file target_26.txt (compact mmCIF, C-alpha atoms)
# COMPACT_ATOMS: atom_id res chain seq x y z
CA MET A 295 0.00 0.00 0.00
CA ALA A 296 2.82 2.42 0.84
CA ILE A 297 4.43 1.85 -2.56
CA VAL A 298 1.10 2.49 -4.32
CA VAL A 299 0.69 5.80 -2.48
CA VAL A 300 4.24 6.88 -3.35
CA GLU A 301 3.77 5.99 -7.01
CA ARG A 302 0.43 7.81 -7.24
CA ARG A 303 1.85 10.95 -5.62
CA TYR A 304 4.83 10.85 -7.99
CA MET A 305 2.55 10.50 -11.03
CA ILE A 306 0.50 13.53 -9.95
CA VAL A 307 3.58 15.71 -9.33
CA THR A 308 5.14 14.65 -12.62
CA LEU A 309 1.93 15.45 -14.52
CA LEU A 310 1.69 18.92 -12.94
CA PHE A 311 5.36 19.56 -13.75
CA ALA A 312 4.86 18.54 -17.37
CA LEU A 313 1.82 20.82 -17.73
CA THR A 314 3.79 23.72 -16.26
CA CYS A 315 6.58 23.17 -18.76
CA HIS A 316 4.10 22.94 -21.64
CA PHE A 317 2.17 26.10 -20.91
CA SER A 318 5.30 28.05 -19.92
CA ASN A 319 7.05 26.97 -23.14
CA LEU A 320 10.23 26.16 -21.20
CA THR A 321 12.77 24.47 -23.46
CA HIS A 322 15.05 23.16 -20.70
CA CYS A 323 12.52 21.63 -18.32
CA PHE A 324 13.81 18.55 -16.55
CA ARG A 325 11.70 15.49 -17.31
CA PRO A 326 12.28 13.02 -14.49
CA LYS A 327 12.13 9.31 -15.04
CA LYS A 328 9.56 7.59 -12.83
CA LEU A 329 11.10 5.94 -9.80
CA ASN A 330 10.45 2.21 -9.66
CA VAL A 331 10.37 1.98 -5.89
CA SER A 332 9.42 -1.69 -5.85
CA ALA A 333 12.44 -2.61 -8.00
CA VAL A 334 14.97 -1.65 -5.35
CA THR A 335 15.93 -4.22 -2.75
CA THR A 336 18.15 -3.69 0.25
CA SER A 337 20.11 -6.80 1.11
CA ASP A 338 21.89 -4.82 3.80
CA SER A 339 19.53 -3.35 6.39
CA ASP A 340 21.84 -0.35 6.83
CA TRP A 341 20.95 0.91 3.36
CA SER A 342 17.83 2.94 2.57
CA ILE A 343 16.19 4.07 -0.68
CA ALA A 344 16.61 7.62 -2.01
CA ALA A 345 16.42 9.55 -5.26
CA ALA A 346 19.38 11.18 -6.97
CA THR A 347 19.86 13.82 -9.65
CA PHE A 348 22.88 15.95 -10.56
CA TYR A 349 23.59 19.64 -11.11
CA GLY A 350 26.39 21.96 -12.10
CA GLU A 351 29.01 21.81 -14.81
CA PRO A 352 30.11 18.50 -16.39
CA ASN A 353 32.62 16.81 -14.08
CA GLY A 354 32.17 19.79 -11.74
CA TYR A 355 31.49 20.38 -8.06
CA GLY A 356 27.90 21.58 -8.21
CA SER A 357 28.14 25.16 -6.98
CA ASP A 358 30.50 27.36 -4.97
CA ALA A 359 27.53 29.46 -3.85
CA GLY A 360 26.18 26.64 -1.72
CA ALA A 361 23.83 27.16 1.20
CA CYS A 362 26.36 25.70 3.66
CA GLY A 363 28.96 28.41 3.05
CA TYR A 364 31.94 26.26 2.06
CA ARG A 365 32.39 28.28 -1.14
CA THR A 366 35.19 27.13 -3.48
CA ALA A 367 36.44 24.65 -0.86
CA VAL A 368 33.95 22.16 -2.32
CA ALA A 369 36.24 21.75 -5.33
CA GLN A 370 39.37 21.24 -3.21
CA PRO A 371 40.52 18.36 -1.00
CA PRO A 372 39.15 16.91 1.16
CA PHE A 373 35.77 17.53 -0.51
CA SER A 374 37.30 17.11 -3.98
CA SER A 375 33.97 17.75 -5.77
CA MET A 376 32.41 14.65 -4.16
CA VAL A 377 29.56 16.70 -2.76
CA SER A 378 25.80 16.93 -2.87
CA ALA A 379 22.97 19.34 -2.29
CA GLY A 380 20.36 17.77 -0.06
CA GLY A 381 16.61 17.87 0.04
CA ALA A 382 14.98 19.08 3.25
CA SER A 383 15.46 15.80 5.13
CA LEU A 384 19.21 15.89 4.43
CA PHE A 385 19.93 19.63 4.61
CA LYS A 386 17.97 20.04 7.87
CA SER A 387 17.90 23.85 7.66
CA GLY A 388 21.70 23.84 7.64
CA ILE A 389 22.36 21.44 10.50
CA GLY A 390 22.93 18.73 7.89
CA CYS A 391 25.89 20.63 6.41
CA GLY A 392 29.07 18.57 6.57
CA ALA A 393 27.31 15.23 6.95
CA CYS A 394 28.77 12.32 4.98
CA TYR A 395 26.83 9.60 3.19
CA GLN A 396 27.70 6.59 1.14
CA VAL A 397 25.57 6.31 -2.00
CA LYS A 398 25.40 3.67 -4.70
CA CYS A 399 23.13 2.78 -7.59
CA THR A 400 22.16 -0.76 -8.51
CA SER A 401 19.03 -0.31 -10.63
CA ASN A 402 20.60 0.56 -14.01
CA SER A 403 22.95 -1.41 -16.20
CA GLU A 404 25.41 1.50 -16.08
CA CYS A 405 25.62 1.37 -12.25
CA SER A 406 28.87 0.12 -10.78
CA LYS A 407 27.03 -0.95 -7.57
CA ASP A 408 30.05 0.30 -5.63
CA PRO A 409 29.48 2.91 -2.90
CA VAL A 410 31.00 6.38 -3.07
CA THR A 411 31.14 8.90 -0.23
CA VAL A 412 29.66 12.38 -0.59
CA VAL A 413 29.34 15.38 1.72
CA ILE A 414 26.27 17.61 2.07
CA THR A 415 27.45 21.10 1.09
CA ASP A 416 24.31 22.73 -0.31
CA ALA A 417 20.51 22.76 -0.20
CA CYS A 418 18.23 21.56 -2.98
CA LEU A 419 15.04 23.62 -2.68
CA ASP A 420 13.40 21.84 -5.62
CA CYS A 421 14.02 18.34 -4.24
CA TYR A 422 10.60 17.79 -2.69
CA ARG A 423 9.15 14.92 -4.72
CA GLU A 424 10.84 12.20 -2.64
CA SER A 425 11.37 12.08 1.12
CA VAL A 426 15.16 11.69 0.64
CA HIS A 427 16.82 13.30 -2.36
CA PHE A 428 20.49 13.82 -3.24
CA ASP A 429 21.21 16.43 -5.90
CA LEU A 430 24.77 15.35 -6.53
CA SER A 431 27.58 17.23 -8.20
CA ASP A 432 28.15 15.94 -11.69
CA THR A 433 31.43 14.40 -10.49
CA ALA A 434 29.76 12.48 -7.66
CA PHE A 435 26.89 11.31 -9.87
CA GLY A 436 29.27 9.99 -12.50
CA ALA A 437 31.32 8.22 -9.83
CA MET A 438 28.41 5.80 -9.29
CA ALA A 439 28.70 4.55 -12.87
CA ILE A 440 30.82 1.85 -14.41
CA SER A 441 34.00 3.41 -15.76
CA GLY A 442 33.29 5.19 -19.04
CA GLN A 443 29.50 5.03 -18.69
CA GLY A 444 28.84 8.17 -16.68
CA SER A 445 27.19 9.92 -19.62
CA GLN A 446 24.75 7.07 -20.12
CA LEU A 447 23.87 6.99 -16.42
CA ARG A 448 23.04 10.71 -16.50
CA ASN A 449 20.28 9.97 -19.00
CA ALA A 450 18.36 8.12 -16.29
CA GLY A 451 16.72 11.32 -15.05
CA VAL A 452 15.79 10.78 -11.40
CA LEU A 453 17.93 7.83 -10.40
CA GLU A 454 16.96 5.44 -7.64
CA ILE A 455 19.88 4.82 -5.28
CA LEU A 456 20.74 3.32 -1.92
CA TYR A 457 22.33 5.41 0.81
CA LYS A 458 23.51 5.26 4.38
CA LYS A 459 24.96 7.84 6.73
CA VAL A 460 28.61 7.42 7.73
CA GLU A 461 31.09 9.33 9.83
CA CYS A 462 33.31 11.62 7.81
CA ASN A 463 36.97 10.72 7.61
CA PHE A 464 38.93 13.70 6.33
CA ALA A 465 42.35 12.12 6.59
CA GLY A 466 45.05 14.60 7.50
CA GLU A 467 42.58 17.44 8.10
CA THR A 468 41.75 19.17 11.37
CA VAL A 469 38.65 21.11 12.39
CA THR A 470 38.87 24.47 10.64
CA PHE A 471 37.16 27.78 11.38
CA ARG A 472 36.52 30.62 8.95
CA VAL A 473 35.73 33.90 10.70
CA ASP A 474 32.64 35.51 9.21
CA GLU A 475 33.15 38.89 7.54
CA GLY A 476 30.52 40.46 9.79
CA SER A 477 32.34 39.60 13.01
CA ASN A 478 33.56 42.30 15.41
CA ASP A 479 34.52 42.73 19.08
CA HIS A 480 30.92 42.14 20.20
CA TYR A 481 29.77 39.66 17.59
CA PHE A 482 31.64 36.55 16.54
CA ALA A 483 30.54 34.13 13.84
CA ALA A 484 32.50 31.33 12.22
CA LEU A 485 32.01 28.52 9.76
CA VAL A 486 33.02 25.11 11.13
CA ALA A 487 34.43 22.58 8.66
CA TYR A 488 36.04 19.12 8.44
CA GLY A 489 34.59 17.45 11.52
CA ASP A 490 33.14 13.94 11.49
CA GLY A 491 29.70 14.97 10.27
CA GLU A 492 26.92 17.21 11.51
CA ILE A 493 27.78 19.67 14.28
CA GLY A 494 25.58 19.54 17.35
CA GLN A 495 27.05 22.33 19.46
CA VAL A 496 29.76 24.99 19.35
CA GLU A 497 31.00 26.87 22.41
CA LEU A 498 33.48 29.72 22.83
CA LYS A 499 35.86 30.59 25.67
CA GLN A 500 37.72 33.89 25.95
CA ALA A 501 41.30 34.38 27.12
CA LEU A 502 41.83 34.38 30.89
CA VAL A 503 38.33 32.98 31.50
CA SER A 504 39.34 29.43 32.31
CA ASP A 505 35.97 27.91 33.21
CA THR A 506 33.39 29.88 31.25
CA TRP A 507 32.19 28.41 27.98
CA LEU A 508 29.63 30.48 26.09
CA SER A 509 27.19 28.58 23.92
CA MET A 510 27.04 29.72 20.31
CA SER A 511 23.85 29.40 18.25
CA HIS A 512 23.40 28.07 14.75
CA LEU A 513 23.16 30.97 12.29
CA TRP A 514 22.93 29.41 8.82
CA GLY A 515 24.58 26.60 6.88
CA ALA A 516 27.74 25.58 8.73
CA VAL A 517 28.03 28.98 10.47
CA TRP A 518 27.64 29.50 14.24
CA LYS A 519 27.42 32.84 16.09
CA LEU A 520 27.79 34.51 19.48
CA GLN A 521 26.86 38.05 20.53
CA VAL A 522 28.20 39.55 23.77
CA SER A 523 27.82 42.87 25.59
CA SER A 524 31.50 43.29 26.47
CA PRO A 525 34.34 43.18 23.92
CA LEU A 526 35.66 39.70 23.27
CA ARG A 527 39.13 38.95 24.57
CA ALA A 528 41.30 36.87 22.28
CA PRO A 529 42.77 34.37 21.82
CA LEU A 530 39.49 32.51 21.57
CA SER A 531 39.09 28.79 22.16
CA LEU A 532 36.30 26.81 20.55
CA ARG A 533 34.70 23.60 21.77
CA VAL A 534 32.86 21.61 19.11
CA THR A 535 30.51 18.69 19.77
CA SER A 536 29.62 16.27 16.99
CA LEU A 537 25.94 15.52 16.54
CA GLN A 538 26.96 12.35 14.74
CA SER A 539 29.18 10.70 17.35
CA GLY A 540 28.65 12.83 20.45
CA GLN A 541 32.40 13.41 20.68
CA THR A 542 33.75 16.78 21.78
CA VAL A 543 37.03 18.39 20.75
CA VAL A 544 38.59 21.56 22.11
CA ALA A 545 40.51 23.88 19.81
CA THR A 546 42.53 25.85 22.34
CA ASP A 547 43.41 29.43 21.33
CA ALA A 548 42.21 28.66 17.80
CA ILE A 549 41.43 32.31 17.00
CA PRO A 550 44.42 34.58 17.80
CA ALA A 551 44.37 38.18 18.97
CA GLY A 552 43.84 40.67 16.18
CA TRP A 553 42.04 38.11 14.02
CA PRO A 554 41.05 39.49 10.61
CA ARG A 555 37.55 38.90 9.33
CA GLY A 556 37.30 36.28 6.61
CA ALA A 557 40.45 34.45 7.70
CA ASN A 558 40.70 30.66 8.02
CA TYR A 559 42.18 29.06 11.12
CA LYS A 560 43.12 25.39 11.27
CA SER A 561 43.04 23.86 14.73
CA ASN A 562 45.28 21.03 15.83
CA VAL A 563 42.43 18.68 16.76
CA ASN A 564 39.82 16.52 15.07
CA PHE A 565 37.33 13.85 15.95
CA GLN A 566 38.43 10.22 16.13
CA VAL A 567 36.73 8.07 13.50
call {"tool": "encode", "arguments": {"input": "target_26.txt", "output": "structure tokens"}}
result
Amino acid sequence: MAIVVVERRYMIVTLLFALTCHFSNLTHCFRPKKLNVSAVTTSDSDWSIAAATFYGEPNGYGSDAGACGYRTAVAQPPFSSMVSAGGASLFKSGIGCGACYQVKCTSNSECSKDPVTVVITDACLDCYRESVHFDLSDTAFGAMAISGQGSQLRNAGVLEILYKKVECNFAGETVTFRVDEGSNDHYFAALVAYGDGEIGQVELKQALVSDTWLSMSHLWGAVWKLQVSSPLRAPLSLRVTSLQSGQTVVATDAIPAGWPRGANYKSNVNFQV
């Protein structure tokens, strides 16, 4: 019964989308292939069913204007273009930024059936047809194909895939902070990158205040903020708690005195995976 409901809802949405394209005379409307939900089997109970599409330039990294705030870092190691925008259930209003997933396709002849790891670095506002939707970079989408058959796999439209959440393993990287351009002596905001997945909490401690940790609040994407009445005293230490594993790491004196806005600071700690 659940599969019938899903298929009926998908047929209705697809019909409405097609009518919109017809009457709007849009020449580049995306025509999704119907998902065959019943055709996918999960021999491993850790895997779940999702939908996948791709966006961005051929063999590219999706977009450097992503809703997580990583900018051009998505094209560089450790992300290395293996990234994805996520539908609402993956993006989670920004809390999902930095989460890692293994994805694989098994339903098409072009699928390699081998898992690849991707990181959520953007939001897909149009990915509402399925409860879980990965809008992968072109590079990540092609990585699910048999070597040399990436172009053929892209013709599948909406591709049915299997996915599971995993802890990130950014070998050789440490938790990194980028100070937001709007920061000042009374307002501090920073993007947090290269943990082991989603961030659950970020706290800040000022110099000479040995026992007082101030809780920061989630601002947007991977950015956290703190506003105080008295000028902040650097160097600033940051304590980050992983939502994924529950681990906590402390980046002591991560932000030095006289910190410039927009600068990146690499700590000397990271989560154990």
call {"tool": "closest_residue", "arguments": {"input": "target_26.txt", "among": "A:Phe428, A:Tyr481, A:Tyr355, A:Tyr488", "to": "Leu520 of chain A", "atoms": "only C-alpha atoms"}}
result
A:Tyr481
call {"tool": "atom_distance", "arguments": {"input": "target_26.txt", "atom1": "atom CA of Ala483 of chain A", "atom2": "atom CA of Ser378 of chain A"}}
result
24.4 Å
call {"tool": "closest_residue", "arguments": {"input": "target_26.txt", "among": "A:Ser509, A:Thr470, A:Ser531, A:Gln495", "to": "Lys560 of chain A", "atoms": "all atoms listed in the file"}}
result
A:Thr470
call {"tool": "atom_distance", "arguments": {"input": "target_26.txt", "atom1": "atom CA of Leu530 of chain A", "atom2": "atom CA of Asp547 of chain A"}}
result
5.0 Å
call {"tool": "atom_distance", "arguments": {"input": "target_26.txt", "atom1": "atom CA of Leu384 of chain A", "atom2": "atom CA of Pro352 of chain A"}}
result
23.6 Å
call {"tool": "residues_near_point", "arguments": {"input": "target_26.txt", "point": "(30.2, 44.5, 14.3)", "cutoff": "12 Å", "atoms": "all atoms listed in the file", "output": "list in words"}}
result
Asp474, Glu475, Gly476, Ser477, Asn478, Asp479, His480, Tyr481, Phe482, Ala483, Leu520, Gln521, Val522, Ser523, Pro525, Leu526 and Arg555 of chain A
call {"tool": "closest_residue", "arguments": {"input": "target_26.txt", "among": "A:Ala367, A:Ala344, A:Cys391, A:Ala528", "to": "Cys421 of chain A", "atoms": "only C-alpha atoms"}}
result
A:Ala344
call {"tool": "closest_residue", "arguments": {"input": "target_26.txt", "among": "A:Lys458, A:His512, A:Arg527, A:Lys398", "to": "Ala484 of chain A", "atoms": "all atoms listed in the file"}}
result
A:His512
call {"tool": "residues_near_point", "arguments": {"input": "target_26.txt", "point": "(33.3, 27.2, 8.2)", "cutoff": "8 Å", "atoms": "only C-alpha atoms", "output": "ChimeraX atom specification"}}
result
/A:363-364,470-473,484-487,516-517
call {"tool": "residues_around", "arguments": {"input": "target_26.txt", "residues": "Tyr349 of chain A", "least_positions_apart": "5", "cutoff": "6 Å", "atoms": "all atoms listed in the file", "output": "ChimeraX atom specification"}}
result
/A:356,431-432
call {"tool": "residues_around", "arguments": {"input": "target_26.txt", "residues": "Ala545 of chain A", "least_positions_apart": "4", "cutoff": "7 Å", "atoms": "only C-alpha atoms", "output": "ChimeraX atom specification"}}
result
/A:531-533,561-563
call {"tool": "residues_around", "arguments": {"input": "target_26.txt", "residues": "Trp514 of chain A", "least_positions_apart": "4", "cutoff": "10 Å", "atoms": "all atoms listed in the file", "output": "ChimeraX atom specification"}}
result
/A:361-363,387-389,391,485,518-519
call {"tool": "closest_residue", "arguments": {"input": "target_26.txt", "among": "A:Val469, A:Cys418, A:Met438, A:Val452", "to": "Ser357 of chain A", "atoms": "all atoms listed in the file"}}
result
A:Cys418
call {"tool": "closest_residue", "arguments": {"input": "target_26.txt", "among": "A:Phe435, A:Trp553, A:Phe565, A:Tyr457", "to": "Gly354 of chain A", "atoms": "only C-alpha atoms"}}
result
A:Phe435
call {"tool": "residues_around", "arguments": {"input": "target_26.txt", "residues": "Ser539 of chain A", "least_positions_apart": "6", "cutoff": "9 Å", "atoms": "only C-alpha atoms", "output": "list of chain:residue names"}}
result
A:Glu461, A:Asp490, A:Gly491, A:Phe565, A:Val567
call {"tool": "residues_around", "arguments": {"input": "target_26.txt", "residues": "segment 408-414 of chain A", "least_positions_apart": "5", "cutoff": "10 Å", "atoms": "only C-alpha atoms", "output": "number ranges by chain"}}
result
A: 360-362, 368, 372-381, 384-385, 388, 390-400, 428-431, 434-435, 437-440, 456-460, 462-463, 491-492
call {"tool": "build_atoms", "arguments": {"input": "target_26.txt", "residues": "segment 429-449 of chain A", "atoms": "N, CA, C and O atoms", "output": "tab-separated table (two decimals), in the coordinates of the input"}}
result
chain	number	residue	atom	x	y	z
A	429	ASP	N	20.92	15.76	-4.64
A	429	ASP	CA	21.21	16.43	-5.90
A	429	ASP	C	22.73	16.54	-5.99
A	429	ASP	O	23.34	17.51	-5.54
A	430	LEU	N	23.33	15.53	-6.56
A	430	LEU	CA	24.77	15.35	-6.53
A	430	LEU	C	25.49	16.27	-7.51
A	430	LEU	O	24.93	16.68	-8.53
A	431	SER	N	26.74	16.59	-7.19
A	431	SER	CA	27.58	17.23	-8.20
A	431	SER	C	27.72	16.26	-9.36
A	431	SER	O	27.56	15.04	-9.21
A	432	ASP	N	28.00	16.80	-10.52
A	432	ASP	CA	28.15	15.94	-11.69
A	432	ASP	C	29.26	14.91	-11.47
A	432	ASP	O	29.16	13.76	-11.89
A	433	THR	N	30.32	15.32	-10.78
A	433	THR	CA	31.43	14.40	-10.49
A	433	THR	C	30.98	13.23	-9.63
A	433	THR	O	31.29	12.07	-9.91
A	434	ALA	N	30.22	13.53	-8.57
A	434	ALA	CA	29.76	12.48	-7.66
A	434	ALA	C	28.76	11.56	-8.35
A	434	ALA	O	28.78	10.34	-8.14
A	435	PHE	N	27.87	12.13	-9.16
A	435	PHE	CA	26.89	11.31	-9.87
A	435	PHE	C	27.59	10.34	-10.81
A	435	PHE	O	27.29	9.14	-10.83
A	436	GLY	N	28.54	10.85	-11.56
A	436	GLY	CA	29.27	9.99	-12.50
A	436	GLY	C	30.09	8.93	-11.81
A	436	GLY	O	30.35	7.87	-12.40
A	437	ALA	N	30.51	9.18	-10.56
A	437	ALA	CA	31.32	8.22	-9.83
A	437	ALA	C	30.55	6.95	-9.49
A	437	ALA	O	31.15	5.93	-9.15
A	438	MET	N	29.22	6.99	-9.56
A	438	MET	CA	28.41	5.80	-9.29
A	438	MET	C	28.31	4.88	-10.50
A	438	MET	O	27.76	3.78	-10.40
A	439	ALA	N	28.83	5.32	-11.63
A	439	ALA	CA	28.70	4.55	-12.87
A	439	ALA	C	29.91	3.65	-13.09
A	439	ALA	O	30.99	3.87	-12.54
A	440	ILE	N	29.70	2.65	-13.92
A	440	ILE	CA	30.82	1.85	-14.41
A	440	ILE	C	31.75	2.78	-15.19
A	440	ILE	O	31.30	3.71	-15.85
A	441	SER	N	33.03	2.55	-15.10
A	441	SER	CA	34.00	3.41	-15.76
A	441	SER	C	33.65	3.60	-17.24
A	441	SER	O	33.43	2.63	-17.96
A	442	GLY	N	33.57	4.87	-17.66
A	442	GLY	CA	33.29	5.19	-19.04
A	442	GLY	C	31.82	5.27	-19.39
A	442	GLY	O	31.46	5.58	-20.53
A	443	GLN	N	30.93	5.02	-18.40
A	443	GLN	CA	29.50	5.03	-18.69
A	443	GLN	C	28.75	6.09	-17.90
A	443	GLN	O	27.53	6.02	-17.73
A	444	GLY	N	29.47	7.10	-17.43
A	444	GLY	CA	28.84	8.17	-16.68
A	444	GLY	C	27.81	8.93	-17.49
A	444	GLY	O	26.74	9.29	-16.98
A	445	SER	N	28.11	9.18	-18.76
A	445	SER	CA	27.19	9.92	-19.62
A	445	SER	C	25.87	9.17	-19.79
A	445	SER	O	24.79	9.76	-19.76
A	446	GLN	N	25.96	7.87	-19.96
A	446	GLN	CA	24.75	7.07	-20.12
A	446	GLN	C	23.92	7.07	-18.84
A	446	GLN	O	22.69	7.12	-18.88
A	447	LEU	N	24.59	7.01	-17.70
A	447	LEU	CA	23.87	6.99	-16.42
A	447	LEU	C	23.12	8.31	-16.21
A	447	LEU	O	22.03	8.32	-15.64
A	448	ARG	N	23.69	9.41	-16.68
A	448	ARG	CA	23.04	10.71	-16.50
A	448	ARG	C	21.72	10.80	-17.25
A	448	ARG	O	20.87	11.63	-16.93
A	449	ASN	N	21.53	9.96	-18.24
A	449	ASN	CA	20.28	9.97	-19.00
A	449	ASN	C	19.12	9.33	-18.24
A	449	ASN	O	17.99	9.32	-18.73
